[in-house]
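This is data29.csv. It holds CSV, C-alpha atoms.
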chain,number,residue,atom,x,y,z
A,1,MET,CA,25.3,-26.0,12.6
A,2,LEU,CA,21.9,-24.2,12.2
A,3,GLN,CA,22.2,-20.5,11.4
A,4,LEU,CA,19.3,-18.3,12.4
A,5,PRO,CA,18.4,-15.5,10.1
A,6,LYS,CA,19.6,-12.0,11.2
A,7,PRO,CA,16.8,-9.6,12.2
A,8,ALA,CA,15.7,-6.8,10.0
A,9,ARG,CA,17.7,-3.5,10.3
A,10,SER,CA,17.7,-0.2,8.4
A,11,LEU,CA,19.5,0.2,5.1
A,12,GLU,CA,21.5,3.0,6.8
A,13,GLN,CA,23.2,0.3,8.9
A,14,ALA,CA,24.3,-1.9,6.0
A,15,GLN,CA,27.9,-2.6,5.1
A,16,ILE,CA,29.2,-1.9,1.6
A,17,GLY,CA,28.7,-4.9,-0.7
A,18,GLU,CA,26.1,-6.6,1.4
A,19,LYS,CA,23.4,-8.4,-0.5
A,20,LEU,CA,20.1,-7.5,1.1
A,21,ILE,CA,16.3,-7.7,0.5
A,22,VAL,CA,13.9,-4.9,1.3
A,23,ALA,CA,11.6,-6.1,4.1
A,24,GLN,CA,9.5,-2.9,4.5
A,25,VAL,CA,9.5,0.8,4.1
A,26,SER,CA,8.3,3.0,7.0
A,27,PRO,CA,7.6,6.7,7.0
A,28,SER,CA,9.9,9.1,8.8
A,29,PRO,CA,8.2,11.1,11.6
A,30,ALA,CA,9.6,14.3,10.2
A,31,PHE,CA,8.9,13.4,6.5
A,32,PRO,CA,5.8,11.1,6.3
A,33,GLU,CA,5.8,11.2,2.5
A,34,TRP,CA,9.3,9.5,2.2
A,35,ASP,CA,7.9,6.0,2.4
A,36,ARG,CA,5.7,6.5,-0.7
A,37,TRP,CA,8.5,8.2,-2.6
A,38,LEU,CA,10.9,5.4,-1.7
A,39,GLU,CA,8.4,2.8,-2.9
A,40,GLU,CA,7.8,4.7,-6.1
A,41,ILE,CA,11.5,4.5,-7.0
A,42,GLY,CA,11.8,0.8,-6.3
A,43,PHE,CA,12.2,0.1,-2.6
A,44,VAL,CA,9.4,-2.4,-2.3
A,45,PRO,CA,9.3,-5.5,-0.1
A,46,GLY,CA,11.1,-8.4,-1.7
A,47,GLU,CA,13.4,-6.3,-4.0
A,48,ARG,CA,17.1,-6.9,-3.9
A,49,VAL,CA,19.2,-4.0,-2.6
A,50,GLU,CA,23.0,-3.4,-2.2
A,51,LEU,CA,24.9,-0.6,-0.6
A,52,LYS,CA,27.6,0.3,-3.1
A,53,ALA,CA,29.4,3.3,-1.4
A,54,ARG,CA,29.2,5.9,1.3
A,55,GLY,CA,30.0,9.6,0.9
A,56,PHE,CA,33.2,10.9,2.6
A,57,PRO,CA,33.4,12.3,5.2
A,58,GLY,CA,30.5,11.3,7.5
A,59,GLY,CA,29.0,8.5,5.3
A,60,ASP,CA,26.3,10.7,3.6
A,61,PRO,CA,25.0,10.2,1.0
A,62,LEU,CA,24.8,6.5,0.4
A,63,VAL,CA,25.0,5.0,-3.1
A,64,VAL,CA,22.4,2.2,-3.2
A,65,ARG,CA,21.5,-0.2,-6.0
A,66,VAL,CA,17.9,-1.4,-5.9
A,67,GLY,CA,16.9,-3.7,-8.7
A,68,LEU,CA,18.6,-2.4,-11.8
A,69,SER,CA,18.7,1.3,-10.7
A,70,THR,CA,21.3,3.2,-8.6
A,71,PHE,CA,20.4,6.1,-6.3
A,72,ALA,CA,22.1,8.4,-3.9
A,73,LEU,CA,20.1,8.4,-0.6
A,74,ARG,CA,20.6,10.5,2.4
A,75,ARG,CA,21.1,8.5,5.6
A,76,ALA,CA,17.8,9.7,6.9
A,77,GLU,CA,16.0,8.3,3.8
A,78,ALA,CA,17.9,5.0,4.1
A,79,ALA,CA,16.8,4.7,7.7
A,80,CYS,CA,13.2,4.4,6.4
A,81,VAL,CA,14.1,1.2,4.5
A,82,GLU,CA,14.2,-2.0,6.6
A,83,VAL,CA,16.3,-4.8,5.0
A,84,LEU,CA,17.1,-8.5,5.6
A,85,GLU,CA,20.2,-10.4,4.6
A,86,GLU,CA,19.7,-12.2,1.3
A,87,ALA,CA,19.5,-16.0,1.9
A,88,GLY,CA,22.7,-17.8,1.0
A,89,THR,CA,25.0,-14.9,1.6
In structure tokens, write the structure found in this file.
Amino acid sequence: MLQLPKPARSLEQAQIGEKLIVAQVSPSPAFPEWDRWLEEIGFVPGERVELKARGFPGGDPLVVRVGLSTFALRRAEAACVEVLEEAGT
């Protein structure tokens, strides 16, 4: 059966362990510089990304692996990163 690709969603909505690809990074209305900062640390279209853990309680911050680096992002920062499910997962 043909499986259609899932639409892009924010990294904030990812499940722990999901293999994802960065689709795009958009600025936050409150912090327009975040998109440039996120791209500078490796969140660029086409890069692999994986949510490794969420803080407890409340799920903030998120531990995210992008490329070969691991970062702690606030949920608001992760919401600026749109991701797609990696093909074949």
Selection near A:Gly42, 10 Å with all atoms listed in the file, sequence-local residues under 3 positions removed, as a ChimeraX atom specification
/A:22,37-39,45,47-49,65-69
Using only C-alpha atoms, which protein or nucleic acid residues come within 10 Å of A:Pro61? Drop anything in the same chain fewer than 2 positions from it, and give the result as number ranges by chain.
A: 12, 53-59, 63-64, 71-78
File dump, residues just selected, C-alpha atoms, as a compact mmCIF listing (two decimals), in the coordinates of the input:
# COMPACT_ATOMS: atom_id res chain seq x y z
CA GLU A 12 21.50 3.00 6.80
CA ALA A 53 29.40 3.30 -1.40
CA ARG A 54 29.20 5.90 1.30
CA GLY A 55 30.00 9.60 0.90
CA PHE A 56 33.20 10.90 2.60
CA PRO A 57 33.40 12.30 5.20
CA GLY A 58 30.50 11.30 7.50
CA GLY A 59 29.00 8.50 5.30
CA VAL A 63 25.00 5.00 -3.10
CA VAL A 64 22.40 2.20 -3.20
CA PHE A 71 20.40 6.10 -6.30
CA ALA A 72 22.10 8.40 -3.90
CA LEU A 73 20.10 8.40 -0.60
CA ARG A 74 20.60 10.50 2.40
CA ARG A 75 21.10 8.50 5.60
CA ALA A 76 17.80 9.70 6.90
CA GLU A 77 16.00 8.30 3.80
CA ALA A 78 17.90 5.00 4.10
For A:Gly46, the nearest of the candidates A:Pro27, A:Glu82, A:Glu18, A:Glu33, counting all atoms listed in the file:
A:Glu82
Interatomic distance (Å, one decimal) between atom CA of A:Lys19 and atom CA of A:Glu50:
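That distance, rounded to one decimal, is 5.3 Å.
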Counting all atoms listed in the file, I want the residues whose atoms come within 8 Å of (9.1, 1.0, 9.2) in the file frame, returned as a ChimeraX atom specification.
/A:24-27,80-82
Gap from atom CA of A:Ala14 to atom CA of A:Pro32 - Å, one decimal
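Spanning atom CA of A:Ala14 to atom CA of A:Pro32 is a straight-line distance of 22.6 Å.
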What does the distance from atom CA of A:Ala8 to atom CA of A:Ile41 come to in Å, to one decimal?
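Separation of atom CA of A:Ala8 and atom CA of A:Ile41: 20.8 Å.
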Please list, as a list in words, the residues that have an atom at most 9 Å away from (18.2, -11.3, 5.4) in the coordinates of this file, counting only C-alpha atoms.
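Protein and nucleic acid residues near the point are Pro5, Lys6, Pro7, Ala8, Lys19, Leu20, Ile21, Val22, Ala23, Val83, Leu84, Glu85, Glu86, Ala87 and Thr89 of chain A.
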Nearest to A:Phe43: which of A:Leu11, A:Leu62, A:Ile16, A:Ala30 is it, counting all atoms listed in the file?
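Among the listed residues, the smallest separation from A:Phe43 belongs to A:Leu11.
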